[in-house]
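Student: I am attaching a structure below and will ask some questions about it afterwards.
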Amino acid sequence: MDFDFATIISNLPVFFRGAVATLCVSLAAITVGMVGGMLVCLVGISSHKILKLGAKLYISVFRGIPILVLLLIVYYILPEIGIETPPLIAAITGLALNTTAFQAEIYRGGFASIPHGQIEAARALGIGPLRLYRKILIPQVMKKVMPSLINEIIILLKNSSLISAIAVTELMRVSQTLVASTYRPMEIYMTTAAFYLVMTMAIAAVGSAFSRKMAVAG
C-alpha cells in the first residue's frame, strides 16, 4: 500500500491541536502531582502513625489501579454521587491521582538518601522544621530525584493517550477520528507516533538541561 503523504500534510493542523491538548492536560496533571506527591511524601515520612498509614494507603491504592480504570471511575462514577466531572477535568484528575502516588515514592527515595546528620545539625542550630524542609531538604531532594521525575513526566505524557476513552480531544482521540474519516490508519498512526516521540524527546532534553543547570548551581 502506498504511503499517502498528502493525508498527513493536509491534517497537520489537526495533529498539532491534538498535541497541544495532550501537553496541556499532561502539564496540568504533573503540576498537581508535584504538589500532591510532595505533601503525601511529607505525611508519609512524618512521625504521626495514622497520617503515615493514610499516605501509604493512598500510594498503594493509586499505584495499583490501572490508569484507564481510574479515568473511567472518575468520569462515570463520580457524577453518580453528585460530583459533576467534565471530560477535561476528569482526565486531569485521574492522571493527577496516579502520578501523585508515583511522585510521592520518588520524593520519599530522595529524602531517604539525605544523611540524617544534616537534620540533626540543623536542629542543633535552632532551625525550625518549616525552614529545614524549605531551605535545606527539599532543594536537595529535587536535585537528586530530577532524573526519576523527568522519567515520570514522560510516562504520564504517554499514558495521557488513554484519556481518549473519556472523550477528551487530545492527540490519540484526534488520530482515531482521522482514521475513521480518511481510512488511512498507517499514515495517521505513524504520524501520531512521531508526535509522541518528538514530545518525549523534547521533555527528556529539557529535563537533562535543567538537571545540569541544577548541578552547576548546587
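Just so we're on the same page: first chain in the C-alpha cells is A, next is B, and so on; residues restart at 1 for each chain, and ligands are numbered from 1 in the order they show up.
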Write out as JSON, numbers by chain which residues come within 9 Å of Tyr189 in chain A when counting only C-alpha atoms, dropping same-chain ones fewer than 2 positions away.
Tutor: {"A": [172, 175, 176, 179, 184, 185, 186, 187, 191, 192, 193, 194]}
Student: Write the residues of the preceding selection, restricted to C-alpha atoms, as a tab-separated table (two decimals), in the first residue's frame.
Tutor:
chain	number	residue	atom	x	y	z
A	172	MET	CA	-4.93	9.97	20.30
A	175	SER	CA	-5.94	10.23	15.42
A	176	GLN	CA	-8.89	7.88	15.87
A	179	VAL	CA	-8.58	7.22	10.75
A	184	ARG	CA	-5.54	5.71	6.23
A	185	PRO	CA	-4.57	4.10	9.58
A	186	MET	CA	-0.91	3.56	8.69
A	187	GLU	CA	-0.26	7.21	7.85
A	191	THR	CA	2.31	10.42	12.39
A	192	THR	CA	0.79	10.14	15.86
A	193	ALA	CA	3.75	8.05	16.99
A	194	ALA	CA	6.11	10.66	15.56
Student: Can you pull out the residues contacting Ile67 in chain A? Cut-off 9 Å, using only C-alpha atoms, and skip same-chain residues under 5 positions away; I want them as a VMD selection string.
Tutor: chain A and resid 62 72 94 to 95 98 159 162
Student: Applying 12 Å and only C-alpha atoms, which residues near Pro147 in chain A remain after dropping the ones on its own chain fewer than 3 positions away? List them as a list in words.
Tutor: Gln103, Ile106, Tyr107, Gly110, Val141, Met142, Lys143, Lys144, Ile150, Asn151, Glu152, Ile153, Ile154, Ile203, Ala204, Ala205, Val206, Gly207, Ser208, Ala209, Phe210, Ser211, Arg212, Met214 and Ala215 of chain A
Student: Leaving out Ser46 in chain A and any residue of its chain fewer than 6 positions from it, which residues lie within 10 Å of it when counting only C-alpha atoms, given as number ranges by chain?
Tutor: A: 40, 52, 55
